[in-house]
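Novice: Input file: data.txt. Contents: compact mmCIF, C-alpha atoms and all ligand atoms.
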```
# COMPACT_ATOMS: atom_id res chain seq x y z
CA MET A 1 114.32 88.32 134.13
CA LEU A 2 110.67 87.37 134.67
CA LEU A 3 109.67 90.68 133.14
CA ALA A 4 111.79 89.95 130.06
CA LEU A 5 109.99 86.63 129.70
CA VAL A 6 106.61 88.36 129.92
CA ALA A 7 107.82 90.86 127.31
CA THR A 8 108.88 88.00 125.04
CA LEU A 9 105.41 86.45 125.24
CA LEU A 10 103.80 89.84 124.64
CA GLY A 11 106.18 90.31 121.71
CA LEU A 12 105.05 87.01 120.19
CA LEU A 13 101.44 88.19 120.29
CA VAL A 14 102.36 91.58 118.87
CA GLY A 15 104.37 89.82 116.16
CA SER A 16 101.22 87.93 115.24
CA PHE A 17 99.40 91.28 114.87
CA LEU A 18 102.32 92.74 112.90
CA ASN A 19 101.91 89.86 110.42
CA VAL A 20 98.35 91.08 109.87
CA VAL A 21 99.54 94.68 109.39
CA ILE A 22 102.34 93.57 107.04
CA TYR A 23 99.98 91.57 104.88
CA ARG A 24 96.90 93.77 104.94
CA LEU A 25 98.10 97.37 105.06
CA PRO A 26 99.56 97.34 101.52
CA VAL A 27 96.37 95.66 100.23
CA MET A 28 94.26 98.30 101.99
CA MET A 29 96.40 101.07 100.44
CA ASP A 30 96.06 99.49 97.00
CA ARG A 31 92.28 99.27 97.37
CA ALA A 32 92.06 102.86 98.57
CA TRP A 33 94.01 104.05 95.50
CA ARG A 34 91.76 102.08 93.19
CA ARG A 35 88.65 103.49 94.86
CA GLU A 36 89.97 107.02 94.47
CA CYS A 37 90.85 106.47 90.81
CA ALA A 38 87.44 104.93 90.16
CA ALA A 39 85.76 107.87 91.88
CA LEU A 40 87.75 110.34 89.76
CA LEU A 41 86.93 108.53 86.51
CA ALA A 42 83.29 107.79 87.29
CA ALA A 43 80.62 109.76 85.46
CA PRO A 44 78.42 111.81 87.78
CA GLY A 45 75.57 109.68 89.07
CA ASP A 46 77.45 106.37 88.80
CA ALA A 47 76.86 104.24 91.84
CA SER A 48 80.12 103.03 93.36
CA PRO A 49 80.07 99.30 94.07
CA GLU A 50 80.75 98.74 97.78
CA ALA A 51 83.28 95.98 98.29
CA GLU A 52 83.49 93.63 101.25
CA PRO A 53 85.09 95.37 104.23
CA PHE A 54 88.83 94.72 104.38
CA ASN A 55 90.81 96.20 107.27
CA LEU A 56 93.08 95.14 110.09
CA VAL A 57 90.27 93.31 111.94
CA ARG A 58 87.97 92.12 109.17
CA PRO A 59 87.66 89.64 107.56
CA ARG A 60 89.02 86.98 109.93
CA SER A 61 92.36 85.41 109.01
CA ALA A 62 91.86 82.62 106.50
CA CYS A 63 93.93 80.25 104.40
CA PRO A 64 94.81 82.13 101.18
CA ALA A 65 94.26 78.96 99.14
CA CYS A 66 91.00 77.45 100.46
CA ARG A 67 89.58 80.40 102.45
CA THR A 68 89.01 78.23 105.53
CA PRO A 69 89.13 80.54 108.58
CA ILE A 70 92.08 79.82 110.85
CA LYS A 71 91.10 78.24 114.18
CA ALA A 72 92.07 80.07 117.37
CA ARG A 73 94.41 77.30 118.52
CA HIS A 74 96.23 77.37 115.17
CA ASN A 75 96.61 81.12 115.54
CA VAL A 76 98.89 80.78 118.58
CA PRO A 77 102.17 82.51 117.65
CA VAL A 78 104.93 80.19 116.37
CA LEU A 79 103.41 77.11 118.07
CA GLY A 80 100.34 77.12 115.82
CA TRP A 81 102.55 76.99 112.74
CA LEU A 82 104.76 74.24 114.22
CA TRP A 83 101.66 72.29 115.31
CA LEU A 84 100.38 72.38 111.72
CA ARG A 85 103.92 71.63 110.41
CA GLY A 86 103.60 74.72 108.24
CA ARG A 87 100.51 73.54 106.37
CA CYS A 88 96.86 74.60 106.26
CA ALA A 89 94.75 72.29 108.46
CA ALA A 90 92.04 72.07 105.80
CA CYS A 91 93.82 71.89 102.43
CA SER A 92 97.49 71.21 103.39
CA VAL A 93 98.76 74.11 101.29
CA PRO A 94 102.12 75.24 102.75
CA ILE A 95 101.96 78.33 104.99
CA SER A 96 104.96 80.64 104.65
CA ALA A 97 107.57 80.19 107.38
CA ARG A 98 107.91 83.92 107.56
CA TYR A 99 104.80 84.24 109.80
CA PRO A 100 106.41 82.35 112.70
CA VAL A 101 109.76 84.01 111.90
CA VAL A 102 108.27 87.52 112.26
CA GLU A 103 106.58 86.42 115.50
CA ALA A 104 109.76 84.88 116.91
CA ILE A 105 111.91 87.91 115.99
CA THR A 106 109.37 90.32 117.52
CA GLY A 107 109.24 88.18 120.66
CA LEU A 108 113.02 87.96 121.04
CA LEU A 109 113.58 91.68 120.37
CA SER A 110 110.85 92.59 122.88
CA GLY A 111 112.33 90.35 125.57
CA TYR A 112 115.80 91.74 124.92
CA LEU A 113 114.63 95.37 125.08
CA VAL A 114 112.94 94.90 128.45
CA TRP A 115 115.96 93.01 129.79
CA HIS A 116 118.20 95.83 128.51
CA PHE A 117 116.14 98.84 129.66
CA GLY A 118 114.47 97.32 132.70
CA TYR A 119 111.16 98.43 134.13
CA THR A 120 111.24 101.97 132.69
CA PRO A 121 109.25 104.28 130.40
CA GLU A 122 112.23 103.97 128.02
CA ALA A 123 111.51 100.26 127.66
CA VAL A 124 107.88 100.94 126.71
CA ALA A 125 108.88 103.55 124.14
CA ALA A 126 111.63 101.30 122.77
CA LEU A 127 109.09 98.48 122.36
CA GLY A 128 106.67 100.68 120.40
CA LEU A 129 109.44 102.02 118.17
CA THR A 130 110.85 98.55 117.52
CA TRP A 131 107.46 97.03 116.65
CA ALA A 132 106.90 99.77 114.07
CA LEU A 133 110.38 99.11 112.65
CA VAL A 134 109.66 95.38 112.27
CA ALA A 135 106.46 96.07 110.34
CA LEU A 136 108.15 98.68 108.13
CA THR A 137 111.10 96.38 107.39
CA VAL A 138 108.99 93.50 106.14
CA ILE A 139 106.56 95.71 104.18
CA ASP A 140 109.52 97.40 102.47
CA LEU A 141 111.10 94.02 101.64
CA ASP A 142 107.79 92.85 100.15
CA HIS A 143 106.58 95.96 98.35
CA GLN A 144 109.43 98.55 98.23
CA LEU A 145 107.13 100.75 100.25
CA LEU A 146 107.19 102.44 103.64
CA PRO A 147 103.57 103.45 104.33
CA ASP A 148 102.96 107.03 105.49
CA SER A 149 100.37 105.61 107.86
CA ILE A 150 103.26 104.12 109.88
CA THR A 151 106.22 106.48 109.30
CA LEU A 152 104.39 109.76 109.97
CA PRO A 153 102.61 108.74 113.22
CA LEU A 154 105.95 107.24 114.32
CA LEU A 155 107.60 110.63 113.85
CA TRP A 156 104.86 112.51 115.75
CA ALA A 157 104.82 109.89 118.50
CA GLY A 158 108.55 110.44 119.05
CA LEU A 159 108.14 114.18 119.42
CA LEU A 160 105.10 113.71 121.67
CA PHE A 161 107.12 111.31 123.83
CA HIS A 162 109.77 114.02 124.40
CA LEU A 163 107.08 116.64 125.02
CA LEU A 164 105.40 114.50 127.70
CA PHE A 165 108.36 112.70 129.26
CA GLY A 166 111.40 114.83 128.37
CA PRO A 167 113.95 116.07 128.92
CA HIS A 168 115.41 112.59 129.23
CA PRO A 169 118.12 111.84 131.78
CA GLU A 170 121.76 111.08 130.97
CA GLY A 171 122.08 107.52 129.66
CA SER A 172 118.65 107.50 128.04
CA PRO A 173 118.73 106.30 124.43
CA PHE A 174 116.32 109.05 123.37
CA ALA A 175 116.88 112.62 122.21
CA PRO A 176 117.97 114.58 125.30
CA SER A 177 115.37 117.27 124.59
CA LEU A 178 112.40 117.97 122.34
CA ALA A 179 114.53 120.42 120.34
CA ASP A 180 117.09 117.67 119.62
CA GLY A 181 114.26 115.51 118.28
CA VAL A 182 112.89 118.30 116.07
CA ILE A 183 116.34 119.10 114.68
CA GLY A 184 116.90 115.38 114.14
CA ALA A 185 113.65 114.97 112.20
CA MET A 186 114.50 117.89 109.92
CA ALA A 187 118.11 116.77 109.41
CA GLY A 188 117.02 113.20 108.68
CA TYR A 189 114.48 114.18 106.06
CA LEU A 190 116.55 116.88 104.37
CA SER A 191 119.79 114.91 104.20
CA LEU A 192 118.28 111.94 102.38
CA TRP A 193 116.17 114.24 100.21
CA LEU A 194 119.37 115.99 99.09
CA VAL A 195 121.09 112.65 98.41
CA TYR A 196 118.06 111.56 96.41
CA GLN A 197 117.98 114.75 94.30
CA GLY A 198 121.74 114.60 93.73
CA PHE A 199 121.62 110.94 92.72
CA ARG A 200 118.75 111.69 90.34
CA LEU A 201 120.58 114.60 88.74
CA VAL A 202 123.71 112.51 88.15
CA THR A 203 122.24 109.15 87.15
CA GLY A 204 118.66 109.99 86.17
CA LYS A 205 117.51 107.21 88.49
CA GLU A 206 115.75 107.18 91.83
CA GLY A 207 117.94 105.54 94.42
CA MET A 208 115.50 105.92 97.30
CA GLY A 209 111.90 106.75 97.98
CA TYR A 210 110.23 109.44 100.04
CA GLY A 211 109.38 106.79 102.62
CA ASP A 212 113.10 106.48 103.38
CA PHE A 213 113.34 110.21 104.20
CA LYS A 214 110.31 109.95 106.47
CA LEU A 215 111.65 106.87 108.24
CA PHE A 216 115.04 108.54 108.85
CA ALA A 217 113.20 111.63 110.11
CA ALA A 218 111.10 109.47 112.46
CA LEU A 219 114.18 107.65 113.82
CA LEU A 220 115.97 110.92 114.55
CA ALA A 221 112.80 112.42 116.05
CA TRP A 222 113.04 109.63 118.63
CA LEU A 223 116.80 109.39 119.05
CA GLY A 224 117.87 112.98 118.39
CA TYR A 225 120.20 114.50 115.80
CA GLN A 226 123.08 113.04 117.85
CA MET A 227 122.39 109.71 116.10
CA PHE A 228 122.48 111.23 112.61
CA LEU A 229 125.91 109.94 111.62
CA PRO A 230 125.74 106.54 113.33
CA ILE A 231 122.45 105.64 111.61
CA LEU A 232 123.41 107.14 108.25
CA LEU A 233 126.80 105.38 108.11
CA LEU A 234 125.56 102.06 109.47
CA SER A 235 122.64 101.86 107.04
CA ALA A 236 124.64 103.08 104.03
CA VAL A 237 127.54 100.68 104.65
CA THR A 238 125.39 97.63 105.39
CA GLY A 239 123.11 98.49 102.47
CA ALA A 240 126.02 98.88 100.05
CA LEU A 241 127.71 95.67 101.24
CA THR A 242 124.45 93.75 100.89
CA GLY A 243 123.86 95.16 97.42
CA ILE A 244 127.37 94.27 96.28
CA SER A 245 127.20 90.74 97.70
CA LEU A 246 123.82 90.12 96.07
CA LEU A 247 125.23 91.30 92.75
CA LEU A 248 128.37 89.13 93.10
CA LEU A 249 126.28 86.12 94.06
CA GLY A 250 124.11 86.77 91.03
CA ARG A 251 121.04 86.77 93.26
CA HIS A 252 119.92 90.19 92.17
CA GLY A 253 119.61 91.94 88.81
CA ARG A 254 121.53 95.21 88.45
CA GLN A 255 118.30 97.08 87.66
CA GLU A 256 116.31 95.59 90.52
CA PRO A 257 116.14 98.11 93.34
CA ILE A 258 117.08 97.06 96.86
CA PRO A 259 114.88 98.62 99.54
CA PHE A 260 116.80 100.94 101.88
CA GLY A 261 114.15 100.90 104.65
CA PRO A 262 115.30 97.64 106.26
CA PHE A 263 118.86 98.97 106.61
CA LEU A 264 117.62 102.24 108.11
CA ALA A 265 115.38 100.35 110.51
CA ALA A 266 118.17 97.99 111.58
CA ALA A 267 120.62 100.88 112.04
CA GLY A 268 117.94 102.71 114.05
CA PHE A 269 117.54 99.70 116.33
CA VAL A 270 121.31 99.47 116.84
CA ALA A 271 121.41 103.20 117.68
CA LEU A 272 118.50 102.75 120.11
CA VAL A 273 120.16 99.94 122.04
CA TRP A 274 123.91 100.54 121.61
CA GLY A 275 124.00 104.18 120.51
CA GLU A 276 125.97 105.55 123.46
CA PRO A 277 128.70 102.87 123.53
CA LEU A 278 128.96 103.28 119.76
CA LEU A 279 129.53 107.04 120.09
CA ASP A 280 132.13 106.39 122.80
CA ALA A 281 133.94 103.79 120.71
CA VAL A 282 134.05 105.85 117.50
CA PRO A 283 134.63 109.47 118.58
CA PHE A 284 134.24 111.06 115.13
CA LEU A 285 130.58 109.94 115.14
CA ARG A 286 130.12 112.63 117.80
CA VAL A 287 130.65 115.46 115.31
CA PHE A 288 126.97 116.32 115.69
CA GLY A 289 126.66 115.02 119.22
ZN ZN B 1 93.73 75.91 103.13
```
Write out the structure in this file as structure tokens.
Specialist:
Amino acid sequence: MLLALVATLLGLLVGSFLNVVIYRLPVMMDRAWRRECAALLAAPGDASPEAEPFNLVRPRSACPACRTPIKARHNVPVLGWLWLRGRCAACSVPISARYPVVEAITGLLSGYLVWHFGYTPEAVAALGLTWALVALTVIDLDHQLLPDSITLPLLWAGLLFHLLFGPHPEGSPFAPSLADGVIGAMAGYLSLWLVYQGFRLVTGKEGMGYGDFKLFAALLAWLGYQMFLPILLLSAVTGALTGISLLLLGRHGRQEPIPFGPFLAAAGFVALVWGEPLLDAVPFLRVFG
């Protein structure tokens, strides 16, 4: 119980860092693309203008409106935002509630995982996986993008985890063996790639992005091909229901794409925590298990 509390506090801090990743990583990617394009188009001998450094640590967090750096005590997860009543201390511009929300969700999920898995290597791995999923979910919601710089290392980390700590015992949420993870990664990528190509042939539209294939591959690298059907069905059904409700509520244009990453990530989390009971409850999900 104490450990779960510690994990919650750690999760709040990590959530604060995830906010930085969520905000800055897409900007960093955009800048990198622009630099590459400029370099390609530049005439030989042109000097490239060096911009201010912008990465996950620099510059310091500042108010987007008035550029005043954020004081350490206002940077405390959730409390800092409440203390400021959601406004910048210098210029009173509202600060989005989603910063404390991401922190609180990361904190609660972290506490729950440690309470669920106890003091085990599984808990540590589950924390890492879940933190990556939180960042991917929010970035995909914001930008319709699942950065390779998160999905690909996540996939390799899963396989490395099995290599170092596998085979995992009965009752572990992770792929029983390294081979199960490798097969899972291939099945995850290929299945969605096939759906994507089929959908494109029939409708001429792109229903998903390559990031979705990589995320599914990463999830199954961690959890094993045994979780192929549970994650696929859960994400497809919740995604479709959400899409239909948004359409019916008139909250979403028919042409506006809905990111699939958040549904994959959520289904992956469910499979991580409740995968085994789910397989027991719905036997046909075990076709591949
Ligand atoms: Zn300000």
Novice: Show me which residues line ligand ZN 1 (chain B), defined as having an atom within 7 Å of a ligand atom where only C-alpha atoms and all ligand atoms count, and present them as a list in words.
Specialist: Cys63, Pro64, Ala65, Cys66, Arg67, Thr68, Cys88, Ala89, Ala90, Cys91, Ser92 and Val93 of chain A
Novice: For range 50-60 of chain A, please output as a ChimeraX atom specification all residues within 8 Å (counting all atoms listed in the file; exclusion window: fewer than 2 positions along the same chain).
Specialist: /A:20-21,24-25,28,48,62,69-70
Novice: Calculate how many Å separate CA of Asp212 in chain A from CA of Leu192 in chain A, rounding to one decimal.
Specialist: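 Computing it gives 7.6 Å between the two atoms.
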Novice: For Ile183 in chain A, find every residue with an atom within 9 Å (counting only C-alpha atoms), except residues of its own chain fewer than 6 positions away, and show them as a list in words.
Specialist: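 Once the nearby chain positions are removed, what remains is Leu220, Ala221, Gly224 and Tyr225 of chain A.
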Novice: With the cut-off set at 8 Å and counting only C-alpha atoms, tabulate each residue of range 105-160 of chain A with an atom at most that distance from an atom of range 258-282 of chain A, showing the nearest atom pair and its distance in Å to one decimal, ordered by chain and increasing number, as JSON lines.
Specialist:
```
{"residue": "A:Leu113", "atom": "CA", "partner": "A:Val273", "partner_atom": "CA", "distance": 7.8}
{"residue": "A:His116", "atom": "CA", "partner": "A:Val273", "partner_atom": "CA", "distance": 7.9}
{"residue": "A:Ala126", "atom": "CA", "partner": "A:Leu272", "partner_atom": "CA", "distance": 7.5}
{"residue": "A:Thr130", "atom": "CA", "partner": "A:Phe269", "partner_atom": "CA", "distance": 6.9}
{"residue": "A:Leu133", "atom": "CA", "partner": "A:Ala265", "partner_atom": "CA", "distance": 5.6}
{"residue": "A:Val134", "atom": "CA", "partner": "A:Ala265", "partner_atom": "CA", "distance": 7.8}
{"residue": "A:Leu136", "atom": "CA", "partner": "A:Gly261", "partner_atom": "CA", "distance": 7.3}
{"residue": "A:Thr137", "atom": "CA", "partner": "A:Pro262", "partner_atom": "CA", "distance": 4.5}
{"residue": "A:Val138", "atom": "CA", "partner": "A:Pro262", "partner_atom": "CA", "distance": 7.5}
{"residue": "A:Asp140", "atom": "CA", "partner": "A:Gly261", "partner_atom": "CA", "distance": 6.2}
{"residue": "A:Leu141", "atom": "CA", "partner": "A:Pro259", "partner_atom": "CA", "distance": 6.3}
{"residue": "A:Gln144", "atom": "CA", "partner": "A:Pro259", "partner_atom": "CA", "distance": 5.6}
{"residue": "A:Leu146", "atom": "CA", "partner": "A:Gly261", "partner_atom": "CA", "distance": 7.2}
```
Novice: Could you name the residues that touch range 17-19 of chain A at 7 Å or less, counting only C-alpha atoms, but leaving out those on the same chain fewer than 3 positions away, as a CSV table (one decimal) with C-alpha atoms, keeping the file's coordinate frame?
Specialist:
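File written: part.csv
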```csv
chain,number,residue,atom,x,y,z
A,13,LEU,CA,101.4,88.2,120.3
A,14,VAL,CA,102.4,91.6,118.9
A,22,ILE,CA,102.3,93.6,107.0
A,23,TYR,CA,100.0,91.6,104.9
A,99,TYR,CA,104.8,84.2,109.8
A,135,ALA,CA,106.5,96.1,110.3
```
Novice: So which residues fall inside 10 Å of (121.5, 109.9, 92.2) if we count only C-alpha atoms? Mind giving them as a VMD selection string?
Specialist: chain A and resid 194 to 208
Novice: CA of Leu247 in chain A to CA of Gly209 in chain A: how many Å, to one decimal?
Specialist: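 Between these atoms lies a distance of 21.1 Å.
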Novice: Could you state the separation of CA of Tyr210 in chain A and CA of Ile244 in chain A in Å, given to one decimal place?
Specialist: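 Rounded to one decimal, the two atoms are 23.2 Å apart.
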Novice: Choose the residue, out of A:Glu103, A:Asp30, A:Glu122, A:Glu36, that has the smallest atom-to-atom separation from Leu10 in chain A; count all atoms listed in the file.
Specialist: A:Glu103
Novice: Could you work out an axis-aligned box for range 77-94 of chain A, taking every atom the file lists and adding 8 Å on each side, and report centre and edge lengths in Å to one decimal, as AutoDock Vina command-line options?
Specialist:
```
--center_x 98.5 --center_y 76.9 --center_z 109.7 --size_x 28.9 --size_y 27.3 --size_z 32.8
```
Novice: Restricting the calculation to all atoms listed in the file: of A:Leu215, A:Leu234, A:Leu145, A:Leu154, which residue gets closest to Pro26 in chain A?
Specialist: A:Leu145
Novice: Hey, which of A:Asp180, A:Asp142, A:Gly86, A:Phe213 ends up closest to Leu163 in chain A? Count all atoms listed in the file.
Specialist: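 Of A:Asp180, A:Asp142, A:Gly86, A:Phe213, the one nearest Leu163 in chain A is A:Asp180, counting all atoms listed in the file.
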Novice: Hey, which of A:Ala217, A:Val114, A:Leu155, A:Ala179 ends up closest to Ser191 in chain A? Count only C-alpha atoms.
Specialist: A:Ala217
Novice: List as a ChimeraX atom specification the protein and nucleic acid residues near Tyr112 in chain A, meaning an atom at most 12 Å away when only C-alpha atoms are counted, but skip any in the same chain fewer than 2 places from it.
Specialist: /A:1-9,11,105-110,114-118,123,126-127,130,269,273
